[in-house]
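Below: my_file32.pdb (PDB, C-alpha atoms)
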```
ATOM      1  CA  MET A   1     160.790 163.374 225.710  1.00  0.00           C
ATOM      2  CA  GLY A   2     159.439 161.236 228.470  1.00  0.00           C
ATOM      3  CA  GLN A   3     157.952 162.539 231.663  1.00  0.00           C
ATOM      4  CA  THR A   4     158.542 161.218 235.118  1.00  0.00           C
ATOM      5  CA  PRO A   5     155.610 159.658 236.974  1.00  0.00           C
ATOM      6  CA  ALA A   6     155.566 162.668 239.317  1.00  0.00           C
ATOM      7  CA  GLN A   7     155.246 165.104 236.363  1.00  0.00           C
ATOM      8  CA  LYS A   8     152.395 163.020 234.898  1.00  0.00           C
ATOM      9  CA  ALA A   9     150.588 163.032 238.240  1.00  0.00           C
ATOM     10  CA  ALA A  10     150.993 166.797 238.548  1.00  0.00           C
ATOM     11  CA  LYS A  11     149.503 167.348 235.071  1.00  0.00           C
ATOM     12  CA  ALA A  12     146.580 165.065 235.878  1.00  0.00           C
ATOM     13  CA  ALA A  13     145.930 167.028 239.078  1.00  0.00           C
ATOM     14  CA  ARG A  14     145.789 170.270 237.063  1.00  0.00           C
ATOM     15  CA  GLY A  15     143.304 168.657 234.679  1.00  0.00           C
ATOM     16  CA  GLN A  16     145.663 168.339 231.705  1.00  0.00           C
ATOM     17  CA  GLN A  17     145.615 165.010 229.936  1.00  0.00           C
ATOM     18  CA  PRO A  18     148.878 163.682 228.515  1.00  0.00           C
ATOM     19  CA  LYS A  19     148.927 164.030 224.724  1.00  0.00           C
ATOM     20  CA  LYS A  20     148.605 160.818 222.779  1.00  0.00           C
ATOM     21  CA  ARG A  21     150.083 160.460 219.344  1.00  0.00           C
ATOM     22  CA  PRO A  22     147.418 159.723 216.709  1.00  0.00           C
ATOM     23  CA  GLY A  23     147.515 156.384 214.899  1.00  0.00           C
ATOM     24  CA  LYS A  24     148.446 155.864 211.264  1.00  0.00           C
ATOM     25  CA  ALA A  25     144.819 155.905 210.040  1.00  0.00           C
ATOM     26  CA  GLN A  26     144.089 159.127 211.938  1.00  0.00           C
ATOM     27  CA  ARG A  27     147.173 160.833 210.472  1.00  0.00           C
ATOM     28  CA  ALA A  28     146.160 159.785 206.953  1.00  0.00           C
ATOM     29  CA  ALA A  29     142.628 161.136 207.471  1.00  0.00           C
ATOM     30  CA  ALA A  30     144.037 164.428 208.770  1.00  0.00           C
ATOM     31  CA  LYS A  31     146.273 164.773 205.700  1.00  0.00           C
ATOM     32  CA  GLN A  32     143.331 164.165 203.376  1.00  0.00           C
ATOM     33  CA  ALA A  33     141.271 166.775 205.201  1.00  0.00           C
ATOM     34  CA  GLN A  34     144.089 169.332 204.889  1.00  0.00           C
ATOM     35  CA  ALA A  35     144.477 168.583 201.183  1.00  0.00           C
ATOM     36  CA  ALA A  36     140.727 169.025 200.661  1.00  0.00           C
ATOM     37  CA  LYS A  37     140.855 172.408 202.428  1.00  0.00           C
ATOM     38  CA  LYS A  38     143.713 173.591 200.238  1.00  0.00           C
ATOM     39  CA  THR A  39     142.084 172.676 196.916  1.00  0.00           C
ATOM     40  CA  SER A  40     138.483 173.577 197.776  1.00  0.00           C
ATOM     41  CA  GLY A  41     138.924 177.355 197.930  1.00  0.00           C
ATOM     42  CA  LYS A  42     141.734 177.810 195.461  1.00  0.00           C
ATOM     43  CA  LYS A  43     141.914 177.487 191.749  1.00  0.00           C
ATOM     44  CA  LEU A  44     143.989 174.487 190.706  1.00  0.00           C
ATOM     45  CA  ALA A  45     147.399 175.370 189.297  1.00  0.00           C
ATOM     46  CA  ALA A  46     147.776 174.885 185.562  1.00  0.00           C
ATOM     47  CA  LYS A  47     149.827 171.894 184.518  1.00  0.00           C
ATOM     48  CA  LYS A  48     153.138 172.578 182.859  1.00  0.00           C
ATOM     49  CA  THR A  49     152.682 172.307 179.139  1.00  0.00           C
ATOM     50  CA  VAL A  50     155.206 170.512 176.997  1.00  0.00           C
ATOM     51  CA  PRO A  51     156.604 172.810 174.312  1.00  0.00           C
ATOM     52  CA  LEU A  52     155.380 171.991 170.826  1.00  0.00           C
ATOM     53  CA  PRO A  53     157.754 171.327 167.916  1.00  0.00           C
ATOM     54  CA  ARG A  54     158.671 174.165 165.605  1.00  0.00           C
ATOM     55  CA  GLY A  55     155.988 175.095 163.057  1.00  0.00           C
ATOM     56  CA  VAL A  56     153.164 173.604 165.114  1.00  0.00           C
ATOM     57  CA  VAL A  57     150.472 175.419 167.124  1.00  0.00           C
ATOM     58  CA  ARG A  58     147.299 174.611 169.027  1.00  0.00           C
ATOM     59  CA  ALA A  59     144.123 175.607 167.207  1.00  0.00           C
ATOM     60  CA  ALA A  60     142.518 178.750 168.652  1.00  0.00           C
ATOM     61  CA  HIS A  61     139.225 177.926 166.894  1.00  0.00           C
ATOM     62  CA  PRO A  62     137.675 174.762 165.481  1.00  0.00           C
ATOM     63  CA  GLY A  63     138.199 174.281 161.753  1.00  0.00           C
ATOM     64  CA  THR A  64     138.498 171.878 158.842  1.00  0.00           C
ATOM     65  CA  CYS A  65     141.716 170.350 157.504  1.00  0.00           C
ATOM     66  CA  PRO A  66     142.121 171.267 153.795  1.00  0.00           C
ATOM     67  CA  ALA A  67     143.968 168.002 153.053  1.00  0.00           C
ATOM     68  CA  CYS A  68     141.589 165.389 154.513  1.00  0.00           C
ATOM     69  CA  PHE A  69     138.452 167.555 154.940  1.00  0.00           C
ATOM     70  CA  LYS A  70     137.984 166.351 158.531  1.00  0.00           C
ATOM     71  CA  ASP A  71     137.091 168.773 161.309  1.00  0.00           C
ATOM     72  CA  TYR A  72     139.432 169.557 164.202  1.00  0.00           C
ATOM     73  CA  ASP A  73     138.479 170.995 167.581  1.00  0.00           C
ATOM     74  CA  LYS A  74     139.832 173.968 169.479  1.00  0.00           C
ATOM     75  CA  GLY A  75     143.147 173.055 171.122  1.00  0.00           C
ATOM     76  CA  THR A  76     144.081 170.410 168.543  1.00  0.00           C
ATOM     77  CA  VAL A  77     147.718 170.459 167.411  1.00  0.00           C
ATOM     78  CA  ILE A  78     147.822 171.764 163.811  1.00  0.00           C
ATOM     79  CA  THR A  79     150.451 172.879 161.318  1.00  0.00           C
ATOM     80  CA  LYS A  80     150.622 175.139 158.282  1.00  0.00           C
ATOM     81  CA  LEU A  81     149.818 173.339 155.006  1.00  0.00           C
ATOM     82  CA  SER A  82     149.963 174.693 151.460  1.00  0.00           C
ATOM     83  CA  ASP A  83     146.194 175.384 151.495  1.00  0.00           C
ATOM     84  CA  GLY A  84     145.854 176.574 155.104  1.00  0.00           C
ATOM     85  CA  TRP A  85     146.044 175.038 158.573  1.00  0.00           C
ATOM     86  CA  GLY A  86     145.435 171.332 159.170  1.00  0.00           C
ATOM     87  CA  HIS A  87     146.455 168.116 160.907  1.00  0.00           C
ATOM     88  CA  ARG A  88     150.154 167.366 161.341  1.00  0.00           C
ATOM     89  CA  ALA A  89     149.658 163.921 159.802  1.00  0.00           C
ATOM     90  CA  CYS A  90     148.220 165.498 156.635  1.00  0.00           C
ATOM     91  CA  ALA A  91     151.328 167.632 156.038  1.00  0.00           C
ATOM     92  CA  PRO A  92     153.732 166.311 153.399  1.00  0.00           C
ATOM     93  CA  ARG A  93     156.890 164.962 154.993  1.00  0.00           C
ATOM     94  CA  LYS A  94     160.134 166.706 154.094  1.00  0.00           C
ATOM     95  CA  PRO A  95     162.979 164.253 153.421  1.00  0.00           C
ATOM     96  CA  SER A  96     166.233 164.711 155.333  1.00  0.00           C
ATOM     97  CA  ALA A  97     169.522 165.675 153.657  1.00  0.00           C
ATOM     98  CA  ALA A  98     170.732 162.056 153.865  1.00  0.00           C
ATOM     99  CA  GLU A  99     167.575 160.793 152.161  1.00  0.00           C
ATOM    100  CA  LEU A 100     167.977 163.353 149.366  1.00  0.00           C
ATOM    101  CA  ALA A 101     171.627 162.366 148.810  1.00  0.00           C
ATOM    102  CA  PHE A 102     170.669 158.691 148.734  1.00  0.00           C
ATOM    103  CA  ALA A 103     167.966 159.352 146.139  1.00  0.00           C
ATOM    104  CA  ARG A 104     170.411 161.325 143.945  1.00  0.00           C
ATOM    105  CA  ASN A 105     173.034 158.570 144.079  1.00  0.00           C
ATOM    106  CA  LYS A 106     170.460 155.896 143.361  1.00  0.00           C
ATOM    107  CA  ALA A 107     169.238 157.801 140.309  1.00  0.00           C
ATOM    108  CA  ARG A 108     172.826 158.172 139.021  1.00  0.00           C
ATOM    109  CA  ILE A 109     173.469 154.432 139.407  1.00  0.00           C
ATOM    110  CA  GLU A 110     170.203 153.469 137.718  1.00  0.00           C
ATOM    111  CA  SER A 111     170.890 155.850 134.819  1.00  0.00           C
ATOM    112  CA  GLY A 112     174.124 153.987 134.046  1.00  0.00           C
ATOM    113  CA  GLU A 113     176.751 156.518 135.099  1.00  0.00           C
ATOM    114  CA  THR A 114     180.173 154.969 135.707  1.00  0.00           C
ATOM    115  CA  PHE A 115     181.642 154.965 139.193  1.00  0.00           C
ATOM    116  CA  ARG A 116     185.197 154.203 140.259  1.00  0.00           C
ATOM    117  CA  SER A 117     184.178 150.868 141.759  1.00  0.00           C
ATOM    118  CA  GLN A 118     182.671 149.767 138.437  1.00  0.00           C
ATOM    119  CA  LYS A 119     185.882 149.954 136.376  1.00  0.00           C
ATOM    120  CA  PRO A 120     186.981 146.686 134.750  1.00  0.00           C
ATOM    121  CA  SER A 121     189.405 144.666 136.866  1.00  0.00           C
ATOM    122  CA  ASP A 122     193.112 144.424 135.988  1.00  0.00           C
ATOM    123  CA  TRP A 123     193.434 141.015 137.629  1.00  0.00           C
ATOM    124  CA  ARG A 124     194.181 137.986 135.473  1.00  0.00           C
ATOM    125  CA  LEU A 125     192.176 134.869 136.142  1.00  0.00           C
ATOM    126  CA  GLY A 126     194.039 132.546 138.459  1.00  0.00           C
ATOM    127  CA  SER A 127     196.712 135.103 139.359  1.00  0.00           C
ATOM    128  CA  SER A 128     197.374 137.257 142.386  1.00  0.00           C
ATOM    129  CA  PRO A 129     197.087 141.050 142.328  1.00  0.00           C
ATOM    130  CA  SER A 130     200.883 141.407 142.210  1.00  0.00           C
ATOM    131  CA  SER A 131     201.038 139.613 138.858  1.00  0.00           C
ATOM    132  CA  SER A 132     198.427 141.772 137.167  1.00  0.00           C
ATOM    133  CA  ARG A 133     199.067 143.778 134.043  1.00  0.00           C
ATOM    134  CA  PRO A 134     200.561 147.223 134.366  1.00  0.00           C
ATOM    135  CA  ALA A 135     198.020 150.038 134.657  1.00  0.00           C
ATOM    136  CA  ARG A 136     196.930 151.537 131.358  1.00  0.00           C
TER
END
```

Would it be possible to restate this file's structure as structure tokens?
Amino acid sequence: MGQTPAQKAAKAARGQQPKKRPGKAQRAAAKQAQAAKKTSGKKLAAKKTVPLPRGVVRAAHPGTCPACFKDYDKGTVITKLSDGWGHRACAPRKPSAAELAFARNKARIESGETFRSQKPSDWRLGSSPSSSRPAR
């Protein structure tokens, strides 16, 4: 709120200076100083950790991967292997249900099993489907 010239003169007579608003640079410097005060005496807050996928943990101690024989440090993401704990990349990948079904069907086709779509056609050459032989 603004002051009248008479109010400003009265304050000056009492020895009080009118307050000036600090500039942009001064406000930025003040914010940095406050931030430095806050973090200097306190311990920094831990960052939120992203949850790990199921079956995966962070290594509590350094160790060696039994699959590739390379060392891993404490805190590295590891998973359970058949021989112990090791890198996630060294773990054998489990195929999905769709991949298993595809592999089964592919094996049946390659072995020569007959499927409905592989029956001989009843169509006569040069004729339409309506003029085909009666079903056997």

The PyMOL selection byres ((chain A and resi 75-79) around 8) resolved against shown file, as a CSV table (one decimal) with C-alpha atoms, keeping the file's coordinate frame:
```csv
chain,number,residue,atom,x,y,z
A,55,GLY,CA,156.0,175.1,163.1
A,56,VAL,CA,153.2,173.6,165.1
A,57,VAL,CA,150.5,175.4,167.1
A,58,ARG,CA,147.3,174.6,169.0
A,59,ALA,CA,144.1,175.6,167.2
A,60,ALA,CA,142.5,178.8,168.7
A,61,HIS,CA,139.2,177.9,166.9
A,72,TYR,CA,139.4,169.6,164.2
A,73,ASP,CA,138.5,171.0,167.6
A,74,LYS,CA,139.8,174.0,169.5
A,80,LYS,CA,150.6,175.1,158.3
A,81,LEU,CA,149.8,173.3,155.0
A,85,TRP,CA,146.0,175.0,158.6
A,86,GLY,CA,145.4,171.3,159.2
A,87,HIS,CA,146.5,168.1,160.9
A,88,ARG,CA,150.2,167.4,161.3
A,91,ALA,CA,151.3,167.6,156.0
```

Separating CA of Gly15 in chain A from CA of Ala30 in chain A, to the nearest tenth of an Å, is a gap of 26.3 Å

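The spacing separating CA of Ala67 in chain A from CA of Ala89 in chain A amounts to 9.7 Å.
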
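When CA of Ser82 in chain A is paired with CA of Lys94 in chain A, their separation reads 13.2 Å.
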
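Among the candidates A:Ser96, A:Thr64, A:Thr4, A:Thr49, the one nearest to Asp83 in chain A when counting all atoms listed in the file is A:Thr64.
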